[in-house]
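Visitor: Structure file model39.cif (mmCIF, C-alpha atoms and all ligand atoms) is given on the next line.
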```
data_entry
#
loop_
_atom_site.label_atom_id
_atom_site.label_comp_id
_atom_site.auth_asym_id
_atom_site.auth_seq_id
_atom_site.Cartn_x
_atom_site.Cartn_y
_atom_site.Cartn_z
CA MET A 159 -30.89 0.64 -39.83
CA GLU A 160 -33.05 -0.45 -36.92
CA LEU A 161 -30.46 -1.29 -34.27
CA THR A 162 -26.97 -0.03 -33.40
CA VAL A 163 -24.99 -2.04 -30.86
CA VAL A 164 -22.30 0.11 -29.25
CA VAL A 165 -19.29 -1.74 -27.86
CA PRO A 166 -16.75 0.30 -25.89
CA THR A 167 -13.34 -1.34 -26.06
CA TYR A 168 -9.94 -0.98 -24.48
CA ASN A 169 -7.45 -3.75 -25.28
CA GLU A 170 -9.97 -6.26 -26.59
CA ARG A 171 -8.21 -7.25 -29.85
CA GLU A 172 -8.70 -10.97 -29.37
CA ASN A 173 -12.42 -10.58 -28.66
CA VAL A 174 -13.83 -8.37 -31.41
CA ALA A 175 -14.00 -10.92 -34.26
CA VAL A 176 -15.66 -13.57 -32.08
CA LEU A 177 -18.16 -10.99 -30.82
CA VAL A 178 -19.13 -9.90 -34.35
CA GLU A 179 -19.55 -13.53 -35.40
CA ARG A 180 -21.80 -14.30 -32.42
CA MET A 181 -23.81 -11.12 -32.91
CA SER A 182 -24.34 -11.92 -36.59
CA LYS A 183 -25.87 -15.25 -35.59
CA ALA A 184 -28.03 -13.78 -32.86
CA LEU A 185 -29.34 -10.89 -34.97
CA GLU A 186 -30.17 -12.75 -38.18
CA GLY A 187 -33.07 -11.05 -39.97
CA VAL A 188 -32.54 -7.73 -38.15
CA SER A 189 -31.18 -4.58 -39.78
CA TRP A 190 -28.28 -3.88 -37.39
CA GLU A 191 -24.75 -2.51 -37.11
CA VAL A 192 -22.07 -2.57 -34.45
CA VAL A 193 -19.99 0.48 -33.50
CA PHE A 194 -16.82 -0.23 -31.57
CA VAL A 195 -15.66 2.84 -29.66
CA ASP A 196 -11.99 2.27 -28.96
CA ASP A 197 -9.83 4.55 -26.84
CA ASP A 198 -6.69 4.06 -28.90
CA SER A 199 -5.96 0.68 -27.29
CA PRO A 200 -2.24 -0.08 -27.30
CA ASP A 201 -2.98 -3.68 -28.36
CA GLY A 202 -4.33 -2.51 -31.73
CA THR A 203 -8.05 -3.23 -31.18
CA ALA A 204 -9.04 -0.41 -33.56
CA GLU A 205 -6.89 -1.95 -36.31
CA ALA A 206 -8.55 -5.34 -35.77
CA VAL A 207 -11.99 -3.69 -36.01
CA ARG A 208 -11.02 -1.82 -39.18
CA ARG A 209 -9.98 -5.11 -40.79
CA LEU A 210 -13.37 -6.58 -39.91
CA SER A 211 -15.21 -3.58 -41.33
CA LEU A 212 -13.45 -3.96 -44.68
CA GLU A 213 -15.25 -7.29 -45.09
CA ASN A 214 -18.41 -6.53 -43.15
CA PRO A 215 -20.25 -3.22 -43.66
CA ARG A 216 -22.18 -3.77 -40.41
CA VAL A 217 -18.98 -3.07 -38.47
CA ARG A 218 -17.81 0.48 -37.69
CA CYS A 219 -15.07 1.87 -35.50
CA ILE A 220 -14.76 5.18 -33.67
CA ARG A 221 -11.22 5.66 -32.41
CA ARG A 222 -10.72 8.28 -29.72
CA VAL A 223 -7.23 9.56 -29.07
CA GLY A 224 -6.09 10.90 -25.67
CA ARG A 225 -9.39 9.93 -24.06
CA ARG A 226 -10.47 7.22 -21.64
CA GLY A 227 -13.82 6.28 -20.22
CA LEU A 228 -16.43 3.62 -20.80
CA SER A 229 -19.39 5.94 -20.22
CA SER A 230 -18.27 8.72 -22.52
CA ALA A 231 -17.32 6.12 -25.18
CA SER A 232 -20.80 4.57 -24.97
CA ILE A 233 -22.48 7.97 -25.30
CA GLU A 234 -20.40 8.98 -28.31
CA GLY A 235 -21.06 5.61 -29.97
CA MET A 236 -24.83 6.03 -29.47
CA LEU A 237 -24.71 9.61 -30.75
CA SER A 238 -22.98 8.44 -33.93
CA SER A 239 -25.98 6.30 -34.85
CA ALA A 240 -29.18 7.03 -36.77
CA ALA A 241 -30.97 3.84 -35.64
CA SER A 242 -34.22 3.84 -33.65
CA TYR A 243 -32.84 1.42 -31.05
CA LEU A 244 -29.43 1.62 -29.40
CA ALA A 245 -27.74 -1.10 -27.36
CA VAL A 246 -24.57 -1.02 -25.28
CA MET A 247 -22.61 -4.17 -24.45
CA ASP A 248 -19.11 -5.13 -23.33
CA GLY A 249 -16.52 -6.26 -25.82
CA ASP A 250 -15.18 -9.19 -23.79
CA LEU A 251 -18.10 -11.58 -24.43
CA GLN A 252 -19.35 -11.40 -20.85
CA HIS A 253 -22.73 -10.16 -22.02
CA ASP A 254 -25.03 -12.73 -23.59
CA GLU A 255 -25.65 -11.62 -27.18
CA THR A 256 -28.58 -14.03 -27.50
CA LEU A 257 -30.53 -11.60 -25.29
CA LEU A 258 -30.38 -8.89 -27.99
CA PRO A 259 -33.39 -10.13 -30.06
CA GLY A 260 -35.53 -10.35 -26.89
CA MET A 261 -34.55 -6.81 -25.92
CA LEU A 262 -35.41 -5.59 -29.41
CA ASP A 263 -38.80 -7.35 -29.40
CA ALA A 264 -39.66 -5.76 -26.06
CA LEU A 265 -38.87 -2.27 -27.39
CA ARG A 266 -40.78 -2.90 -30.61
CA SER A 267 -43.93 -4.23 -29.00
CA GLU A 268 -44.13 -2.87 -25.45
CA ASP A 269 -44.42 0.56 -23.93
CA VAL A 270 -40.88 0.66 -22.48
CA ASP A 271 -38.02 3.15 -22.99
CA ILE A 272 -35.21 0.79 -22.05
CA VAL A 273 -34.58 -2.94 -21.59
CA VAL A 274 -31.83 -3.88 -19.17
CA GLY A 275 -29.87 -7.13 -19.18
CA SER A 276 -30.03 -7.97 -15.49
CA ARG A 277 -27.95 -10.25 -13.30
CA TYR A 278 -30.16 -9.73 -10.29
CA VAL A 279 -33.64 -10.75 -11.47
CA GLU A 280 -35.02 -14.31 -11.39
CA GLY A 281 -33.05 -16.40 -13.89
CA GLY A 282 -30.04 -14.05 -14.01
CA SER A 283 -26.70 -14.52 -12.30
CA VAL A 284 -23.25 -13.03 -11.93
CA GLY A 285 -21.73 -16.36 -12.94
CA ARG A 286 -18.38 -17.25 -11.43
CA TRP A 287 -17.48 -14.34 -9.19
CA ASP A 288 -15.53 -14.71 -5.99
CA LYS A 289 -17.02 -13.55 -2.68
CA THR A 290 -15.19 -10.20 -2.63
CA ARG A 291 -16.27 -9.18 -6.11
CA SER A 292 -19.90 -10.21 -5.44
CA LEU A 293 -19.90 -8.23 -2.21
CA ILE A 294 -18.42 -5.08 -3.82
CA SER A 295 -20.92 -5.34 -6.67
CA ARG A 296 -23.82 -5.76 -4.22
CA MET A 297 -22.71 -2.73 -2.22
CA GLY A 298 -22.33 -0.63 -5.38
CA THR A 299 -25.76 -1.78 -6.57
CA ASN A 300 -27.41 -0.77 -3.29
CA LEU A 301 -25.70 2.62 -3.33
CA GLY A 302 -26.73 3.10 -6.96
CA ARG A 303 -30.35 2.23 -6.24
CA LEU A 304 -30.48 5.12 -3.79
CA ILE A 305 -29.97 7.69 -6.52
CA ILE A 306 -32.14 6.39 -9.35
CA ARG A 307 -35.68 6.60 -8.03
CA ALA A 308 -36.67 3.33 -9.72
CA ASP A 309 -36.82 -0.24 -8.47
CA LEU A 310 -34.23 -1.36 -10.99
CA LYS A 311 -32.56 -4.54 -9.68
CA ASP A 312 -29.31 -4.15 -11.63
CA PRO A 313 -28.51 -0.44 -12.14
CA MET A 314 -24.81 -1.34 -12.48
CA SER A 315 -25.40 -3.44 -15.59
CA GLY A 316 -23.45 -2.39 -18.68
CA PHE A 317 -25.81 -4.29 -21.00
CA PHE A 318 -29.00 -2.58 -22.18
CA MET A 319 -31.00 -1.42 -25.18
CA LEU A 320 -32.96 1.83 -25.38
CA ARG A 321 -35.09 3.96 -27.65
CA ARG A 322 -33.19 6.82 -29.25
CA GLN A 323 -35.71 9.25 -27.65
CA LEU A 324 -34.50 8.32 -24.16
CA LEU A 325 -30.95 9.24 -25.14
CA GLU A 326 -32.10 12.52 -26.67
CA ARG A 327 -34.04 13.32 -23.51
CA THR A 328 -31.15 12.71 -21.11
CA VAL A 329 -27.97 13.36 -23.09
CA HIS A 330 -27.43 16.96 -21.97
CA GLY A 331 -27.67 16.04 -18.29
CA LEU A 332 -25.42 12.96 -18.36
CA SER A 333 -22.34 13.04 -16.19
CA ALA A 334 -20.41 10.70 -18.54
CA ARG A 335 -18.01 9.89 -15.73
CA GLY A 336 -16.50 6.46 -15.25
CA PHE A 337 -18.05 3.08 -15.95
CA LYS A 338 -21.70 3.25 -15.01
CA ILE A 339 -23.61 4.71 -17.93
CA LEU A 340 -26.92 2.98 -17.12
CA LEU A 341 -26.99 4.49 -13.64
CA ASP A 342 -26.17 7.85 -15.16
CA ILE A 343 -29.13 7.60 -17.58
CA PHE A 344 -31.57 6.57 -14.83
CA ALA A 345 -30.37 9.21 -12.38
CA THR A 346 -30.57 11.89 -15.09
CA ALA A 347 -34.09 10.85 -16.16
CA GLY A 348 -35.11 11.23 -12.48
CA GLY A 349 -37.58 8.35 -12.20
CA ASN A 350 -39.36 9.36 -15.39
CA ILE A 351 -38.44 6.20 -17.28
CA LYS A 352 -40.27 3.01 -18.34
CA TYR A 353 -38.02 -0.01 -18.10
CA LYS A 354 -37.96 -3.76 -18.22
CA GLU A 355 -35.29 -6.15 -16.95
CA LEU A 356 -34.44 -9.41 -18.74
CA PRO A 357 -32.26 -11.98 -16.96
CA PHE A 358 -28.87 -13.10 -18.21
CA THR A 359 -25.84 -14.84 -16.79
CA PHE A 360 -22.66 -12.77 -16.72
CA ARG A 361 -20.03 -14.93 -18.40
CA SER A 362 -16.32 -15.06 -17.65
CA ARG A 363 -14.13 -12.76 -19.70
CA HIS A 364 -13.14 -14.39 -23.03
CA ALA A 365 -9.62 -12.98 -23.60
CA GLY A 366 -7.69 -9.95 -22.38
CA GLU A 367 -7.67 -8.30 -18.98
CA SER A 368 -10.17 -6.60 -16.72
CA LYS A 369 -9.98 -2.81 -16.55
CA LEU A 370 -11.51 -2.60 -13.10
CA ASP A 371 -9.19 -1.08 -10.52
CA THR A 372 -9.30 1.25 -7.52
CA LEU A 373 -9.79 4.20 -9.87
CA THR A 374 -13.06 2.63 -11.04
CA PHE A 375 -14.21 2.74 -7.44
CA TRP A 376 -13.36 6.46 -7.05
CA GLU A 377 -15.04 7.28 -10.35
CA TYR A 378 -18.15 5.51 -9.18
CA LEU A 379 -18.25 7.55 -5.98
CA LEU A 380 -17.76 10.71 -8.03
CA LEU A 381 -20.68 9.75 -10.27
CA VAL A 382 -22.90 9.19 -7.22
CA ALA A 383 -21.73 12.53 -5.78
CA GLU A 384 -22.43 14.29 -9.06
CA LYS A 385 -25.97 12.92 -9.16
CA THR A 386 -26.67 14.06 -5.57
CA ILE A 387 -24.57 16.96 -4.24
CA GLY A 388 -23.58 17.83 -7.81
CA ARG A 389 -27.02 19.27 -8.45
CA HIS A 390 -26.03 22.15 -6.15
CA VAL A 391 -22.22 22.48 -6.42
CA PRO A 392 -20.05 21.22 -9.30
CA ILE A 393 -18.20 18.09 -8.17
CA THR A 394 -15.09 19.04 -10.14
CA TYR A 395 -14.86 22.18 -8.01
CA LEU A 396 -15.27 20.17 -4.81
CA THR A 397 -12.66 17.58 -5.78
CA TRP A 398 -10.12 20.23 -6.77
CA ALA A 399 -10.78 22.28 -3.64
CA GLY A 400 -10.56 19.14 -1.46
CA GLY A 401 -7.34 18.10 -3.19
CA MET A 402 -5.76 21.54 -2.68
CA ALA A 403 -6.77 21.64 0.98
CA THR A 404 -5.21 18.19 1.47
CA ALA A 405 -2.00 19.34 -0.26
CA VAL A 406 -1.78 22.39 2.04
CA PHE A 407 -2.32 20.05 4.99
CA VAL A 408 0.55 17.80 3.76
CA HIS A 409 2.73 20.91 3.53
CA MET A 410 1.90 22.07 7.05
CA ILE A 411 2.44 18.64 8.64
CA THR A 412 5.85 18.35 6.93
CA LEU A 413 6.75 21.90 8.00
CA HIS A 414 5.81 21.08 11.57
CA LEU A 415 7.80 17.81 11.63
CA LEU A 416 10.92 19.37 10.14
CA LEU A 417 10.78 22.37 12.49
CA LYS A 418 9.89 20.56 15.70
CA SER A 419 11.23 17.02 15.32
CA LEU A 420 14.37 17.67 13.29
CA GLY A 421 14.91 21.23 14.53
CA LEU A 422 15.65 22.61 11.06
CA GLY A 423 15.39 26.33 10.27
CA PHE A 424 12.17 27.87 8.93
CA VAL A 425 13.25 28.34 5.30
CA LEU A 426 14.59 24.80 5.03
CA SER A 427 11.47 23.35 6.66
CA GLN A 428 9.20 25.43 4.44
CA SER A 429 11.13 24.12 1.41
CA GLY A 430 10.61 20.56 2.68
CA GLY A 431 6.89 21.26 3.05
CA ALA A 432 6.74 22.68 -0.47
CA ALA A 433 8.51 19.60 -1.89
CA ALA A 434 6.16 17.22 -0.03
CA SER A 435 3.00 18.99 -1.16
CA ALA A 436 4.28 19.24 -4.75
CA LEU A 437 4.94 15.47 -4.76
CA PHE A 438 1.45 14.90 -3.38
CA VAL A 439 -0.12 16.98 -6.16
CA TYR A 440 1.90 15.21 -8.85
CA GLY A 441 1.08 11.78 -7.35
CA ALA A 442 -2.65 12.58 -7.20
CA GLY A 443 -2.59 13.89 -10.78
CA ASP A 444 -0.80 10.77 -11.95
CA TYR A 445 -3.27 8.50 -10.16
CA PHE A 446 -6.44 10.22 -11.31
CA ILE A 447 -5.36 11.26 -14.80
CA GLY A 448 -2.09 9.66 -15.96
CA ARG A 449 -2.88 6.15 -14.76
CA ARG A 450 -5.71 5.80 -17.20
CA PHE A 451 -3.11 5.68 -19.91
CA LYS A 452 -1.20 2.94 -18.10
CA ARG A 453 2.06 4.81 -17.95
CA GLY A 454 5.11 2.81 -16.91
CA ALA A 455 7.71 3.83 -14.29
CA ALA A 456 9.92 5.56 -16.89
CA ALA A 457 7.05 7.79 -18.06
CA PHE A 458 6.18 8.54 -14.44
CA LEU A 459 9.72 9.75 -13.72
CA LYS A 460 9.98 11.72 -16.97
CA GLY A 461 6.67 13.37 -16.13
CA LEU A 462 7.94 14.12 -12.64
CA ALA A 463 11.03 15.85 -14.01
CA GLY A 464 8.89 18.02 -16.32
CA PHE A 465 6.50 18.77 -13.50
CA ALA A 466 9.35 19.73 -11.15
CA ALA A 467 10.79 22.14 -13.72
CA ALA A 468 7.40 23.77 -14.33
CA ALA A 469 6.47 23.89 -10.64
CA LEU A 470 9.79 25.31 -9.45
CA PRO A 471 9.09 29.04 -10.05
CA GLY A 472 5.81 28.90 -8.09
CA LEU A 473 7.37 26.88 -5.28
CA ALA A 474 10.34 29.27 -5.06
CA PHE A 475 7.99 32.24 -4.97
CA GLY A 476 5.97 30.61 -2.16
CA ILE A 477 9.10 29.89 -0.12
CA ALA A 478 10.45 33.43 -0.63
CA ALA A 479 7.09 34.97 0.35
CA ALA A 480 6.96 32.84 3.51
CA ALA A 481 10.58 33.76 4.40
CA LEU A 482 9.73 37.47 4.09
CA LEU A 483 6.48 37.13 6.04
CA VAL A 484 7.90 35.19 8.96
CA GLY A 485 10.18 38.08 10.03
CA THR A 486 13.31 37.82 12.15
CA ASP A 487 11.74 37.11 15.54
CA ALA A 488 9.80 34.12 14.18
CA THR A 489 7.18 33.04 16.71
CA ASP A 490 5.09 29.86 16.36
CA VAL A 491 2.08 31.93 15.23
CA SER A 492 4.00 33.87 12.60
CA ARG A 493 5.56 30.62 11.34
CA ILE A 494 2.10 29.09 10.90
CA GLN A 495 0.79 32.20 9.12
CA ALA A 496 3.81 32.52 6.85
CA GLY A 497 3.88 28.76 6.25
CA LEU A 498 0.22 28.75 5.22
CA CYS A 499 0.61 31.67 2.82
CA GLY A 500 3.67 30.10 1.20
CA ALA A 501 1.91 26.73 1.00
CA ALA A 502 -1.14 28.26 -0.68
CA VAL A 503 1.00 29.90 -3.38
CA GLY A 504 3.01 26.72 -4.04
CA VAL A 505 -0.01 24.39 -4.10
CA LEU A 506 -2.02 26.68 -6.41
CA TRP A 507 0.90 26.81 -8.80
CA CYS A 508 1.33 23.01 -8.74
CA TYR A 509 -2.37 22.52 -9.50
CA LEU A 510 -2.08 24.93 -12.39
CA VAL A 511 0.84 22.91 -13.75
CA VAL A 512 -0.95 19.56 -13.39
CA SER A 513 -4.19 20.79 -14.95
CA THR A 514 -2.53 22.49 -17.91
CA PHE A 515 -0.04 19.68 -18.59
CA SER A 516 -2.39 16.71 -18.22
CA ARG A 517 -4.29 15.10 -21.07
CA ARG A 518 -8.03 15.03 -21.48
CA THR A 519 -9.64 11.92 -20.07
CA GLY A 520 -13.41 11.84 -20.37
N1 LIG B 601 -13.68 2.83 -24.93
C1 LIG B 601 -13.37 2.37 -23.69
N2 LIG B 601 -13.77 1.14 -23.30
C2 LIG B 601 -13.44 0.72 -22.08
C3 LIG B 601 -12.70 1.52 -21.16
N3 LIG B 601 -12.54 0.80 -20.02
C4 LIG B 601 -13.14 -0.39 -20.22
N4 LIG B 601 -13.68 -0.45 -21.46
C5 LIG B 601 -14.45 -1.55 -22.08
O1 LIG B 601 -15.64 -1.68 -21.35
C6 LIG B 601 -16.02 -3.04 -21.24
C7 LIG B 601 -16.14 -3.43 -19.77
O2 LIG B 601 -14.87 -3.35 -19.13
P1 LIG B 601 -14.33 -4.56 -18.25
O3 LIG B 601 -12.92 -4.32 -17.86
O4 LIG B 601 -14.60 -5.82 -18.96
O5 LIG B 601 -15.23 -4.43 -16.96
P2 LIG B 601 -16.10 -5.56 -16.27
O6 LIG B 601 -16.75 -6.41 -17.31
O7 LIG B 601 -17.00 -4.88 -15.30
O8 LIG B 601 -14.99 -6.37 -15.49
P3 LIG B 601 -14.44 -7.87 -15.74
O9 LIG B 601 -15.50 -8.81 -15.26
O10 LIG B 601 -13.25 -7.92 -14.85
O11 LIG B 601 -14.14 -8.02 -17.19
C8 LIG B 601 -14.97 -3.84 -22.01
O12 LIG B 601 -15.43 -4.02 -23.34
C9 LIG B 601 -13.77 -2.91 -21.98
O13 LIG B 601 -12.90 -3.11 -23.06
C10 LIG B 601 -12.30 2.82 -21.60
O14 LIG B 601 -11.66 3.59 -20.89
N5 LIG B 601 -12.67 3.19 -22.86
MG MG B 602 -15.66 -7.38 -18.61
#
```
What would the structure in this file look like if it were written as structure tokens?
Ligand SMILES: Nc1nc2c(ncn2[C@@H]2O[C@H](COP(=O)(O)OP(=O)(O)OP(=O)(O)O)[C@@H](O)[C@H]2O)c(=O)[nH]1
Ligand SMILES: [Mg+2]
Guide:
Amino acid sequence: MELTVVVPTYNERENVAVLVERMSKALEGVSWEVVFVDDDSPDGTAEAVRRLSLENPRVRCIRRVGRRGLSSASIEGMLSSAASYLAVMDGDLQHDETLLPGMLDALRSEDVDIVVGSRYVEGGSVGRWDKTRSLISRMGTNLGRLIIRADLKDPMSGFFMLRRQLLERTVHGLSARGFKILLDIFATAGGNIKYKELPFTFRSRHAGESKLDTLTFWEYLLLVAEKTIGRHVPITYLTWAGGMATAVFVHMITLHLLLKSLGLGFVLSQSGGAAASALFVYGAGDYFIGRRFKRGAAAFLKGLAGFAAAALPGLAFGIAAAALLVGTDATDVSRIQAGLCGAAVGVLWCYLVVSTFSRRTG
């Protein structure tokens, strides 16, 4: 086997057969296989791939359960292969499969580690994108170029082919976060990489829906942070610490409003603060973790009920501790001190609940 093409998929059932057919045409005469890495798509993509592989031994499927993430899927697909050359491309037919033989020829005959399908070199294009999407992509590209130490024109491309050695060299340092695996590879290699860009035109999606959303944006920022600040402090630590500090802030603002604007007593206001910060923690957990599994409103509410039950002991303990600390002659200073201590206990407990109850994602 000379070439493995890895195709990460999530809800691409209608696209996989067409993609295999087009790849078969493009790669005639090459010893190749395609590995679909599907994150348990609800539309049954993995089943569609399995049906294809019964007739066509070039087709394989890795199905991951309870996981989401294009980058980690691409890495696992590449690691499952024994081929000398590894390609990654989208499963929605936006990437031009006729570029694959040219990429392979470049790797076979030139001294390059990786060939990138590029929308931003002469002859390439993003196709039919509206102004907003082009602008966001441009901004992301410029930000990405800051962290890769190479004059790569399209570091955001999801279409590339590399030598297995480049994967072996970088795999232990990869962040595997989010969507941008190429950027991850370049940033991890730290400029020590020989590359070539070949132009292609990004087509419109064939069938199915885009998976880009606001979460993709946050994951991209986290990847950039991991490749810069992350060399010194783990980004997971920073995001959790930042999240907890924000939750304590939400608690204190609510406490202040209930005490001063509504004139409620301390214990009642502290309880209101605890409820607000707990909701904030659950909401953030749902956005950053649960959302990837496209939960509906019913699942959100069921999850909230479970969370409330599990969080209640910690919240009650925090409220009781604050009530004891504030004393009988509650001054503004003692209310702030007691409120903060109670908030810290409640928020820590809520984080513990969210992190132990949530599913793996990457
Ligand atoms: N395994 C896996 N694949 C994913 C995941 N998210 C997206 N994909 C696949 O990654 C590829 C790119 O995702 P798209 O949603 O098409 O992203 P895009 O091409 O930048 O955006 P559009 O132009 O809107 O299609 C597609 O083949 C998706 O099915 C994921 O969480 N896991
Ligand atoms: Mg796409």
Visitor: Put a box with edges along x, y and z around all the listed atoms of ligand LIG 601 (chain B), pad it by 8 Å on each side, then give me its centre and sizes in Å, one decimal, as lines of an AutoDock Vina configuration file.
Guide:
```
center_x = -14.3
center_y = -2.6
center_z = -19.9
size_x = 21.3
size_y = 28.4
size_z = 26.1
```
Visitor: Find the nearest atom pair between each residue of region 361-442 of chain A and region 292-298 of chain A for residues within 12 Å, count only C-alpha atoms, give distances in Å to one decimal, sort rows by chain and ascending number, and present the table as a Markdown table.
Guide:
```
| residue | atom | partner | partner_atom | distance |
| --- | --- | --- | --- | --- |
| A:Leu370 | CA | A:Ser295 | CA | 11.7 |
| A:Thr372 | CA | A:Ile294 | CA | 11.7 |
| A:Thr374 | CA | A:Gly298 | CA | 11.3 |
| A:Phe375 | CA | A:Gly298 | CA | 9.0 |
| A:Trp376 | CA | A:Gly298 | CA | 11.6 |
| A:Glu377 | CA | A:Gly298 | CA | 11.8 |
| A:Tyr378 | CA | A:Gly298 | CA | 8.3 |
| A:Leu379 | CA | A:Gly298 | CA | 9.2 |
| A:Leu381 | CA | A:Gly298 | CA | 11.6 |
| A:Val382 | CA | A:Gly298 | CA | 10.0 |
```
Visitor: Please identify all protein, DNA and RNA residues within 12 Å of ligand MG 602 (chain B), counting only C-alpha atoms and all ligand atoms, and report them as a ChimeraX atom specification.
Guide: /A:165-170,173,228,247-254,284,287,315-317,337,360-370
Visitor: With distances taken over all atoms listed in the file, which of A:Leu320, A:Cys508, A:Ala405, A:Ala468 is nearest to Val270 (chain A)?
Guide: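 Ranked by minimum distance to Val270 (chain A), first place goes to A:Leu320.
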Visitor: Counting only C-alpha atoms, which residues have an atom no more than 12 Å from (-29.1, -12.2, -13.1) in the file's coordinates? Please list them as a ChimeraX atom specification.
Guide: /A:253-254,274-286,311-315,317,355-361
Visitor: I need the residues from that last selection saved to file as a PDB file, in the frame of the given file (with C-alpha atoms), if you can.
Guide:
```pdb
ATOM      1  CA  HIS A 253     -22.730 -10.160 -22.020  1.00  0.00           C
ATOM      2  CA  ASP A 254     -25.030 -12.730 -23.590  1.00  0.00           C
ATOM      3  CA  VAL A 274     -31.830  -3.880 -19.170  1.00  0.00           C
ATOM      4  CA  GLY A 275     -29.870  -7.130 -19.180  1.00  0.00           C
ATOM      5  CA  SER A 276     -30.030  -7.970 -15.490  1.00  0.00           C
ATOM      6  CA  ARG A 277     -27.950 -10.250 -13.300  1.00  0.00           C
ATOM      7  CA  TYR A 278     -30.160  -9.730 -10.290  1.00  0.00           C
ATOM      8  CA  VAL A 279     -33.640 -10.750 -11.470  1.00  0.00           C
ATOM      9  CA  GLU A 280     -35.020 -14.310 -11.390  1.00  0.00           C
ATOM     10  CA  GLY A 281     -33.050 -16.400 -13.890  1.00  0.00           C
ATOM     11  CA  GLY A 282     -30.040 -14.050 -14.010  1.00  0.00           C
ATOM     12  CA  SER A 283     -26.700 -14.520 -12.300  1.00  0.00           C
ATOM     13  CA  VAL A 284     -23.250 -13.030 -11.930  1.00  0.00           C
ATOM     14  CA  GLY A 285     -21.730 -16.360 -12.940  1.00  0.00           C
ATOM     15  CA  ARG A 286     -18.380 -17.250 -11.430  1.00  0.00           C
ATOM     16  CA  LYS A 311     -32.560  -4.540  -9.680  1.00  0.00           C
ATOM     17  CA  ASP A 312     -29.310  -4.150 -11.630  1.00  0.00           C
ATOM     18  CA  PRO A 313     -28.510  -0.440 -12.140  1.00  0.00           C
ATOM     19  CA  MET A 314     -24.810  -1.340 -12.480  1.00  0.00           C
ATOM     20  CA  SER A 315     -25.400  -3.440 -15.590  1.00  0.00           C
ATOM     21  CA  PHE A 317     -25.810  -4.290 -21.000  1.00  0.00           C
ATOM     22  CA  GLU A 355     -35.290  -6.150 -16.950  1.00  0.00           C
ATOM     23  CA  LEU A 356     -34.440  -9.410 -18.740  1.00  0.00           C
ATOM     24  CA  PRO A 357     -32.260 -11.980 -16.960  1.00  0.00           C
ATOM     25  CA  PHE A 358     -28.870 -13.100 -18.210  1.00  0.00           C
ATOM     26  CA  THR A 359     -25.840 -14.840 -16.790  1.00  0.00           C
ATOM     27  CA  PHE A 360     -22.660 -12.770 -16.720  1.00  0.00           C
ATOM     28  CA  ARG A 361     -20.030 -14.930 -18.400  1.00  0.00           C
TER      29      ARG A 361
END
```
Visitor: Could you name the residues that touch Cys499 (chain A) at 9 Å or less, counting only C-alpha atoms, but leaving out those on the same chain fewer than 2 positions away, as an mmCIF file with C-alpha atoms, in the coordinates of the input?
Guide:
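The result, stored in selection_2.cif:
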```cif
data_model
loop_
_atom_site.group_PDB
_atom_site.id
_atom_site.type_symbol
_atom_site.label_atom_id
_atom_site.label_comp_id
_atom_site.auth_asym_id
_atom_site.auth_seq_id
_atom_site.Cartn_x
_atom_site.Cartn_y
_atom_site.Cartn_z
ATOM 1 C CA GLY A 476 5.970 30.610 -2.160
ATOM 2 C CA ALA A 479 7.090 34.970 0.350
ATOM 3 C CA ALA A 480 6.960 32.840 3.510
ATOM 4 C CA LEU A 483 6.480 37.130 6.040
ATOM 5 C CA ILE A 494 2.100 29.090 10.900
ATOM 6 C CA GLN A 495 0.790 32.200 9.120
ATOM 7 C CA ALA A 496 3.810 32.520 6.850
ATOM 8 C CA GLY A 497 3.880 28.760 6.250
ATOM 9 C CA ALA A 501 1.910 26.730 1.000
ATOM 10 C CA ALA A 502 -1.140 28.260 -0.680
ATOM 11 C CA VAL A 503 1.000 29.900 -3.380
ATOM 12 C CA GLY A 504 3.010 26.720 -4.040
#
```
Visitor: Distance CA of Phe344 (chain A)-atom O1 of ligand LIG 601 (chain B), one decimal place?
Guide: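 A separation of 19.1 Å between them.
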Visitor: Return the single residue from A:Phe407, A:Phe475, A:Tyr353, A:Tyr243 that is closest to Met319 (chain A), with distances computed using all atoms listed in the file.
Guide: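 Smallest separation from Met319 (chain A) among the options: A:Tyr243.
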Visitor: So that I can see what lies close to Cys219 (chain A), please list as a count of residues only the residues with an atom at most 12 Å from it, counting all atoms listed in the file and leaving out residues fewer than 5 positions away in the same chain.
Guide: 30
Visitor: What is the distance, in Å and to one decimal place, between CA of Val217 (chain A) and CA of Val176 (chain A)?
Guide: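 If I compute the distance from CA of Val217 (chain A) to CA of Val176 (chain A), I get 12.7 Å.
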Visitor: So how many Å separate CA of Ala463 (chain A) and CA of Ala481 (chain A), to one decimal?
Guide: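 Interatomic distance, CA of Ala463 (chain A) to CA of Ala481 (chain A): 25.7 Å.
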Visitor: Tell me which of A:Met159, A:Lys338, A:Trp190, A:Arg216 sits closest to ligand LIG 601 (chain B), counting only C-alpha atoms and all ligand atoms.
Guide: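 Closest residue, counting only C-alpha atoms and all ligand atoms: A:Lys338.
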Visitor: Considering only C-alpha atoms and all ligand atoms, can you say which of A:Ile447, A:Leu265, A:Ala241, A:Ala434 comes closest to ligand LIG 601 (chain B)?
Guide: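 Once distances to ligand LIG 601 (chain B) are computed over only C-alpha atoms and all ligand atoms, the minimum belongs to A:Ile447.
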Visitor: For Gly423 (chain A), work out the shell of residues within 12 Å, counting all atoms listed in the file and skipping chain neighbours fewer than 5 positions away, then give it as a ChimeraX atom specification.
Guide: /A:413-418,428-430,481,484,486,488,493
Visitor: Could you give me, as a VMD selection string, the residues within 10 Å of region 386-398 of chain A, counting all atoms listed in the file and dropping anything in the same chain fewer than 6 positions from it?
Guide: chain A and resid 304 to 305 333 345 380 404 509
